[in-house]
Each structure stands twice: as C-alpha cells, then as structure tokens.
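Below: model_30.tsv (TSV, C-alpha atoms and all ligand atoms)
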```tsv
chain	number	residue	atom	x	y	z
A	30	MET	CA	5.77	22.45	-8.85
A	31	ALA	CA	8.08	19.52	-9.55
A	32	GLY	CA	9.83	19.92	-6.18
A	33	ASN	CA	11.74	17.08	-4.53
A	34	ASP	CA	8.76	16.13	-2.49
A	35	SER	CA	6.05	16.34	-5.14
A	36	VAL	CA	4.45	13.42	-6.93
A	37	VAL	CA	2.61	13.18	-10.24
A	38	VAL	CA	-0.35	10.79	-10.21
A	39	ILE	CA	-1.71	9.83	-13.63
A	40	GLY	CA	-5.19	8.31	-13.75
A	41	LEU	CA	-7.53	9.42	-10.98
A	42	GLY	CA	-9.89	6.46	-10.82
A	43	ARG	CA	-10.65	4.84	-7.46
A	44	PHE	CA	-7.07	3.77	-6.84
A	45	GLY	CA	-5.32	6.91	-8.12
A	46	ARG	CA	-7.76	9.17	-6.31
A	47	ALA	CA	-7.30	7.43	-2.94
A	48	LEU	CA	-3.54	7.49	-3.40
A	49	ALA	CA	-3.43	11.17	-4.41
A	50	LEU	CA	-5.68	12.26	-1.54
A	51	GLU	CA	-3.61	10.32	0.98
A	52	LEU	CA	-0.42	11.99	-0.30
A	53	VAL	CA	-2.04	15.42	0.03
A	54	ASP	CA	-3.16	14.48	3.54
A	55	GLU	CA	0.47	13.78	4.39
A	56	GLU	CA	1.38	17.19	2.98
A	57	THR	CA	2.94	16.02	-0.25
A	58	GLU	CA	2.29	18.18	-3.31
A	59	VAL	CA	0.42	16.27	-5.99
A	60	LEU	CA	-0.08	16.95	-9.67
A	61	GLY	CA	-3.05	14.84	-10.74
A	62	ILE	CA	-3.69	14.10	-14.40
A	63	ASP	CA	-6.81	12.52	-15.87
A	64	GLU	CA	-8.45	12.74	-19.26
A	65	ASN	CA	-11.96	12.70	-17.82
A	66	PRO	CA	-13.21	16.27	-17.18
A	67	GLU	CA	-15.68	15.16	-14.51
A	68	VAL	CA	-12.94	13.48	-12.52
A	69	VAL	CA	-10.74	16.57	-12.83
A	70	GLN	CA	-13.55	18.83	-11.70
A	71	MET	CA	-14.36	16.64	-8.73
A	72	LEU	CA	-10.77	16.78	-7.45
A	73	ALA	CA	-10.04	20.39	-8.36
A	74	ARG	CA	-10.17	21.60	-4.78
A	75	SER	CA	-8.56	18.61	-3.10
A	76	LEU	CA	-5.26	18.20	-4.95
A	77	THR	CA	-2.45	20.73	-5.34
A	78	HIS	CA	-2.96	20.76	-9.12
A	79	VAL	CA	-5.30	18.73	-11.31
A	80	VAL	CA	-5.14	18.83	-15.07
A	81	ARG	CA	-7.27	17.31	-17.76
A	82	ALA	CA	-4.87	15.73	-20.25
A	83	ASP	CA	-4.11	12.59	-22.23
A	84	SER	CA	-1.03	11.09	-20.62
A	85	THR	CA	-0.13	9.01	-23.68
A	86	LYS	CA	1.05	12.16	-25.50
A	87	GLU	CA	4.68	13.05	-24.89
A	88	GLU	CA	4.32	16.76	-25.72
A	89	VAL	CA	1.39	17.05	-23.32
A	90	LEU	CA	3.40	15.54	-20.45
A	91	ARG	CA	6.37	17.78	-21.25
A	92	GLN	CA	4.15	20.86	-21.21
A	93	LEU	CA	3.05	19.87	-17.73
A	94	ALA	CA	6.73	19.44	-16.73
A	95	VAL	CA	6.10	15.81	-15.81
A	96	HIS	CA	9.68	15.00	-16.90
A	97	GLU	CA	10.97	17.15	-14.01
A	98	PHE	CA	9.35	15.04	-11.29
A	99	ASP	CA	11.36	12.48	-9.30
A	100	ARG	CA	8.31	10.35	-8.51
A	101	ALA	CA	5.36	9.34	-10.65
A	102	VAL	CA	2.49	6.89	-10.30
A	103	VAL	CA	0.61	5.40	-13.26
A	104	ALA	CA	-2.77	4.58	-11.73
A	105	ILE	CA	-4.48	3.66	-15.00
A	106	GLY	CA	-5.62	0.05	-14.85
A	107	THR	CA	-8.39	-0.86	-17.20
A	108	ASP	CA	-7.00	0.84	-20.32
A	109	LEU	CA	-3.95	-1.34	-20.85
A	110	GLU	CA	-2.69	0.60	-23.84
A	111	ALA	CA	-2.86	3.94	-22.01
A	112	SER	CA	-1.12	2.42	-18.98
A	113	ILE	CA	1.74	1.02	-21.05
A	114	LEU	CA	2.23	4.08	-23.25
A	115	THR	CA	2.21	6.37	-20.22
A	116	ALA	CA	4.64	4.21	-18.24
A	117	SER	CA	6.96	4.01	-21.23
A	118	LEU	CA	7.06	7.82	-21.54
A	119	LEU	CA	7.78	8.27	-17.83
A	120	ILE	CA	10.66	5.79	-18.04
A	121	SER	CA	12.05	7.52	-21.15
A	122	PHE	CA	12.01	10.82	-19.21
A	123	GLY	CA	14.37	9.21	-16.70
A	124	ILE	CA	12.04	9.73	-13.73
A	125	ARG	CA	13.82	8.22	-10.73
A	126	ASP	CA	10.90	6.31	-9.18
A	127	VAL	CA	7.96	5.17	-11.27
A	128	TRP	CA	5.14	3.19	-9.69
A	129	ALA	CA	2.42	1.57	-11.78
A	130	LYS	CA	-0.70	-0.35	-10.98
A	131	ALA	CA	-1.19	-3.66	-12.79
A	132	ILE	CA	-4.52	-5.41	-13.18
A	133	SER	CA	-3.07	-8.77	-14.24
A	134	GLU	CA	0.18	-10.67	-14.09
A	135	ALA	CA	0.80	-10.10	-17.83
A	136	HIS	CA	0.20	-6.38	-17.42
A	137	GLY	CA	2.65	-6.30	-14.50
A	138	ARG	CA	5.25	-8.23	-16.48
A	139	ILE	CA	5.10	-5.73	-19.35
A	140	LEU	CA	5.39	-2.80	-16.94
A	141	SER	CA	8.47	-4.40	-15.36
A	142	GLN	CA	9.98	-5.05	-18.78
A	143	LEU	CA	9.53	-1.37	-19.61
A	144	GLY	CA	11.63	-0.54	-16.56
A	145	VAL	CA	8.88	0.52	-14.13
A	146	HIS	CA	10.57	0.45	-10.73
A	147	HIS	CA	7.59	-0.54	-8.57
A	148	VAL	CA	4.68	-2.57	-9.96
A	149	VAL	CA	1.74	-2.94	-7.58
A	150	TYR	CA	-1.27	-5.26	-7.81
A	151	PRO	CA	-3.84	-3.59	-5.53
A	152	GLU	CA	-6.79	-5.88	-6.16
A	153	HIS	CA	-4.79	-9.10	-6.00
A	154	ASP	CA	-2.95	-7.99	-2.84
A	155	MET	CA	-6.09	-6.76	-1.13
A	156	GLY	CA	-7.86	-10.04	-1.95
A	157	GLN	CA	-5.06	-11.99	-0.26
A	158	ARG	CA	-5.08	-9.67	2.74
A	159	VAL	CA	-8.81	-9.95	3.23
A	160	ALA	CA	-8.56	-13.76	2.97
A	161	HIS	CA	-6.21	-13.68	5.96
A	162	LEU	CA	-8.59	-11.47	7.91
A	163	VAL	CA	-11.56	-13.72	7.12
A	164	ARG	CA	-9.81	-16.88	8.31
A	165	GLY	CA	-8.97	-16.16	11.94
A	166	ARG	CA	-9.22	-13.64	14.74
A	167	MET	CA	-6.99	-11.23	12.84
A	168	MET	CA	-8.02	-7.60	12.83
A	169	ASP	CA	-5.22	-6.57	10.55
A	170	TYR	CA	-2.47	-8.28	8.65
A	171	ILE	CA	0.57	-7.21	6.70
A	172	GLU	CA	2.93	-9.51	4.84
A	173	PHE	CA	6.45	-8.42	3.99
A	174	GLU	CA	8.81	-10.15	1.58
A	175	ASP	CA	10.82	-13.20	2.65
A	176	ASP	CA	7.85	-14.91	4.25
A	177	PHE	CA	7.60	-12.47	7.17
A	178	ALA	CA	4.34	-10.99	8.48
A	179	MET	CA	2.74	-9.03	11.32
A	180	VAL	CA	-0.78	-9.56	12.66
A	181	LYS	CA	-3.03	-7.55	14.90
A	182	THR	CA	-5.17	-9.99	16.83
A	183	THR	CA	-6.65	-10.93	20.21
A	184	PRO	CA	-4.48	-13.19	22.39
A	185	PRO	CA	-5.08	-16.97	22.44
A	186	ALA	CA	-5.90	-18.48	25.87
A	187	SER	CA	-2.41	-19.99	26.22
A	188	VAL	CA	-0.74	-16.58	26.60
A	189	VAL	CA	-3.38	-14.89	28.78
A	190	GLY	CA	-2.53	-14.17	32.44
A	191	LYS	CA	1.20	-14.93	32.10
A	192	ARG	CA	4.33	-12.86	31.62
A	193	LEU	CA	5.17	-13.00	27.92
A	194	GLY	CA	8.62	-14.20	28.94
A	195	ASP	CA	7.05	-17.25	30.63
A	196	SER	CA	4.33	-17.91	28.06
A	197	GLY	CA	6.61	-19.73	25.63
A	198	VAL	CA	5.01	-17.81	22.80
A	199	ARG	CA	8.23	-17.74	20.78
A	200	THR	CA	9.22	-21.35	21.25
A	201	ARG	CA	5.72	-22.80	21.03
A	202	HIS	CA	4.19	-20.60	18.34
A	203	GLY	CA	7.22	-19.13	16.57
A	204	VAL	CA	6.00	-15.54	16.89
A	205	THR	CA	7.13	-12.53	18.89
A	206	VAL	CA	4.56	-10.26	20.53
A	207	VAL	CA	5.86	-6.78	19.75
A	208	ALA	CA	3.08	-4.51	20.99
A	209	ILE	CA	0.02	-4.60	23.19
A	210	LYS	CA	-3.04	-2.41	23.64
A	211	ARG	CA	-5.31	-2.46	26.68
A	212	PRO	CA	-8.94	-1.52	26.04
A	213	GLY	CA	-9.23	2.26	25.79
A	214	GLN	CA	-5.46	2.79	25.76
A	215	ASP	CA	-2.81	3.28	23.07
A	216	PHE	CA	-0.45	0.59	21.81
A	217	THR	CA	2.79	0.21	23.80
A	218	TYR	CA	5.82	-2.00	23.24
A	219	ALA	CA	5.57	-5.44	24.79
A	220	THR	CA	8.41	-6.73	27.00
A	221	ALA	CA	9.16	-10.09	28.61
A	222	ASP	CA	7.42	-8.76	31.77
A	223	THR	CA	4.19	-7.78	30.00
A	224	VAL	CA	1.19	-9.80	31.20
A	225	VAL	CA	-1.44	-10.20	28.49
A	226	GLU	CA	-5.12	-10.04	29.40
A	227	ALA	CA	-7.96	-11.64	27.44
A	228	ASP	CA	-9.41	-8.35	26.26
A	229	ASP	CA	-6.08	-6.92	25.07
A	230	THR	CA	-5.19	-6.46	21.43
A	231	ILE	CA	-1.71	-7.59	20.44
A	232	ILE	CA	0.60	-7.30	17.46
A	233	ALA	CA	2.67	-10.39	16.72
A	234	ALA	CA	5.45	-10.80	14.17
A	235	GLY	CA	6.97	-13.91	12.65
A	236	ARG	CA	6.99	-16.24	9.65
A	237	THR	CA	3.80	-15.91	7.63
A	238	ARG	CA	2.56	-19.40	8.46
A	239	ALA	CA	3.35	-18.97	12.17
A	240	THR	CA	1.45	-15.69	12.40
A	241	GLU	CA	-1.53	-17.28	10.65
A	242	HIS	CA	-1.49	-20.25	13.00
A	243	PHE	CA	-1.16	-18.01	16.02
A	244	SER	CA	-4.21	-15.98	15.06
A	245	GLU	CA	-6.25	-19.15	14.58
A	246	LEU	CA	-5.57	-20.49	18.09
A	247	GLN	CA	-8.44	-20.19	20.56
A	301	LIG	P1	-9.70	2.27	-10.93
A	301	LIG	O1	-10.02	0.80	-11.03
A	301	LIG	O2	-8.67	2.57	-9.87
A	301	LIG	O3	-10.92	3.15	-10.81
A	301	LIG	P2	-9.37	2.79	-13.76
A	301	LIG	O4	-8.35	2.15	-14.61
A	301	LIG	O5	-10.78	2.39	-13.96
A	301	LIG	O6	-8.89	2.63	-12.28
A	301	LIG	O7	-9.32	4.39	-13.90
A	301	LIG	C1	-8.26	5.02	-14.44
A	301	LIG	C2	-8.43	6.51	-14.62
A	301	LIG	O8	-7.44	6.86	-15.59
A	301	LIG	C3	-9.79	6.97	-15.16
A	301	LIG	O9	-10.26	8.06	-14.37
A	301	LIG	C4	-9.45	7.41	-16.58
A	301	LIG	O10	-10.18	8.57	-16.97
A	301	LIG	C5	-7.97	7.74	-16.52
A	301	LIG	N1	-7.29	7.55	-17.81
A	301	LIG	C6	-7.37	6.48	-18.64
A	301	LIG	N2	-6.61	6.69	-19.74
A	301	LIG	C7	-6.03	7.90	-19.59
A	301	LIG	C8	-5.13	8.67	-20.37
A	301	LIG	N3	-4.67	8.25	-21.55
A	301	LIG	N4	-4.74	9.89	-19.89
A	301	LIG	C9	-5.19	10.35	-18.70
A	301	LIG	N5	-6.03	9.66	-17.92
A	301	LIG	C10	-6.45	8.46	-18.34
```

So that I can check it, write out the structure of this file as structure tokens.
Amino acid sequence: MAGNDSVVVIGLGRFGRALALELVDEETEVLGIDENPEVVQMLARSLTHVVRADSTKEEVLRQLAVHEFDRAVVAIGTDLEASILTASLLISFGIRDVWAKAISEAHGRILSQLGVHHVVYPEHDMGQRVAHLVRGRMMDYIEFEDDFAMVKTTPPASVVGKRLGDSGVRTRHGVTVVAIKRPGQDFTYATADTVVEADDTIIAAGRTRATEHFSELQ
C-alpha cells in the first residue's frame, strides 16, 4: 500500500489519531502503527490499515514495508526513547519526508539532528495560538514564518461603513483585508470598493504585531 499518496503514521495517541483520521478524510491512504492493542482495535475500521507493532524494531518496520513509503509521521511524544529510535530508523530507510512530533525543545533538537525533515511542536504551538485568540476579538489566527500572520476577526469601528480603499487600513494599521464574510454568506475576496459593515467577519493579513494590534482595536 506504499503508494505515492500514502502515509505511515506511527503512534496513534491523541495527536497521531487526529492526524491519521484527517488524512483519511482527505482520501489519503494511511498505514497506522501502534503497540497498544486497544488503540489498534479502536481504529481498525477508520484507517486504511492499522497494525499492532513496536516501531523501534527495524525488522518489524521492514515487514510492514514502511521503508517503501515516501512520507512518514512519528506521532509518539511521551516515550522519548521510542520516538528517537523510530525516527532514526525512518531516516536510515531514506524516507523522503519524515515528520515528528516533539514534546520539548531538547526532543525537537535531537529529532532535527537525526535528520527529521519536519519537527512539529503541537502543544507549544497550540498554546501560542490560543493565547492570541484569548487576547483580542480574534476568532482564528495563523502565524507563518518571517513574522507574517493572518487573523479572522470582526472589523474595528474605524473601518466600518467606508470603502476599504478609503479606510486607510493599510497605512494606519499596516494590515490588508483580504476577505470578508457577511452574516449568513460565504467568504469572498475583499477589494478596494468593499464596504465593511459592523457585523461582518473579515480576514486581515500583515506583520504579526500589526495583525494583533488590529484585532485589539475597538
Ligand atoms: P498523545 O499525547 O498525542 O496522545 P502519546 O505520546 O501519549 O501521544 O501517544 C503515543 C502513542 O504511541 C501511544 O498510543 C503509544 O501506544 C504509541 N507508542 C509508543 N511507543 C511505541 C512504539 N515503540 N511502537 C508503536 N507505538 C508506540
């Protein structure tokens, strides 16, 4: 089953499970591996294949043809040794894209040193994201690299009732309104002629600090 589009997910705890189910939802074939029989049983009908196995054993992974996959995710967090041993095997197989979850900075550093291509810190990143949501009127927030972010928020009074082109939102607040949603309607692209109403939802993009400021304005 190691087709171009398939992904092996090792460790089906809360993170690995959510990830694997989302991939299946998007019609990606998933081989799930976990050493806990209860976890395997629970997911038996939801994933393409689920196998009970210890991922720290090279021969076990080879038997499952894990070395033939192009993409693999190590979603083991708590058991540091298992995470590191598994990641190291996947790298030695030459898998093109290996993702691994880290539960601390030191853990992430070791995974990177092993050659893991994408190290993710789900709890740390989610904590930061929620902090942004808690602070202002933000309904959603995503930060990209290079200090760039997008926020979903309600419009501050200074932009309501004016054409976006006349509102000075870029010069005054340093953000660009990229999309707008009227109550009960879908999001559409915003243009200079768009007039924002108080009960609209908008998506604004800009420097992280500017987007934060913008969502804190009344
Ligand atoms: P989460 O916080 O996302 O729930 P955990 O680290 O608690 O993540 O869960 C990791 C999962 O990985 C557990 O279901 C556990 O059974 C599984 N696991 C741990 N070590 C191994 C291993 N050596 N081989 C296969 N699965 C493992």

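Taking only C-alpha atoms and all ligand atoms into account, ligand LIG 301 (chain A) lies nearest to A:Ala111 out of the set A:Ala233, A:Ala111, A:Val79, A:Val206.
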
* Just the residues within 9 Å of range 86-90 of chain A, please, counting all atoms listed in the file, with nothing from its chain fewer than 2 positions along; format it as a PyMOL selection string. => chain A and resi 82-84+92-96+114-115+118-119

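Summary of the local environment: counting all atoms listed in the file, residues at most 12 Å from Phe98 in chain A, other than itself and those fewer than 6 positions away along its chain, are Met30, Ala31, Gly32, Asn33, Asp34, Ser35, Val36, Val37, Val38, Glu58, Val59, Leu60, Leu90, Arg91, Leu119, Ile120, Phe122, Gly123, Ile124, Arg125, Asp126 and Val127 of chain A.
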
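The coordinates place CA of Gly213 in chain A at 24.3 Å from CA of Leu246 in chain A.
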
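Pairwise distance (CA of Val180 in chain A, CA of Ala131 in chain A) equals 26.1 Å.
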
* To do: Quick one: everything within 7 Å of Val225 in chain A, counting only C-alpha atoms, minus sequence neighbours fewer than 6 positions away in the same chain. Send it as an NGL selection string.
  => :A and (188-191)

Quick one: residues within 7 Å of Tyr150 in chain A, only C-alpha atoms counted, chain neighbours fewer than 2 positions away excluded, as a PDB file with C-alpha atoms, in the frame of the given file?
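Writing done, so here's selection.pdb:
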```pdb
ATOM      1  CA  LYS A 130      -0.700  -0.350 -10.980  1.00  0.00           C
ATOM      2  CA  ALA A 131      -1.190  -3.660 -12.790  1.00  0.00           C
ATOM      3  CA  ILE A 132      -4.520  -5.410 -13.180  1.00  0.00           C
ATOM      4  CA  VAL A 148       4.680  -2.570  -9.960  1.00  0.00           C
ATOM      5  CA  GLU A 152      -6.790  -5.880  -6.160  1.00  0.00           C
ATOM      6  CA  HIS A 153      -4.790  -9.100  -6.000  1.00  0.00           C
ATOM      7  CA  ASP A 154      -2.950  -7.990  -2.840  1.00  0.00           C
TER       8      ASP A 154
END
```

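You can rank A:Val149, A:Ala104, A:Ile232, A:Val198 by their closest distance to Ala178 in chain A using only C-alpha atoms, and at the top of that list sits A:Ile232.
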
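Picture a line from CA of Asp215 in chain A to CA of Gly203 in chain A; it runs 25.4 Å.
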
For range 212-222 of chain A, what centre and edge lengths in Å (one decimal) does the axis-aligned box get once 3 Å is added on each side of all its listed atoms, as AutoDock Vina command-line options?
```
--center_x 0.0 --center_y -3.4 --center_z 26.8 --size_x 24.4 --size_y 19.4 --size_z 16.0
```

* Please identify the residues whose atoms come within 8 Å of ligand LIG 301 (chain A), using only C-alpha atoms and all ligand atoms, and report them as a VMD selection string. => chain A and resid 39 to 46 62 to 65 68 81 to 86 104 to 108 111 to 112 115

* Asked: Any idea what's packed within 6 Å of range 183-185 of chain A, counting only C-alpha atoms, ignoring anything in its chain fewer than 5 positions away? Could you give it as a PyMOL selection string?
  -> chain A and resi 230-231+246-247

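The closest residue to Ala234 in chain A, picked from A:His136, A:His147, A:His202, A:Lys210 and counting only C-alpha atoms, is A:His202.
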
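With all atoms listed in the file as the basis for measurement, A:Ala186 is the residue among A:Val204, A:Val103, A:Ala186, A:Ser196 that approaches Glu226 in chain A most closely.
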
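When only C-alpha atoms are used to measure the gap to Thr240 in chain A, the shortest distance among A:Ser187, A:Thr77, A:Thr205, A:Ser121 belongs to A:Thr205.
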
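Across A:Arg100, A:Val69, A:Glu134, A:Leu76, the tightest approach to Glu56 in chain A is made by A:Leu76 when counting all atoms listed in the file.
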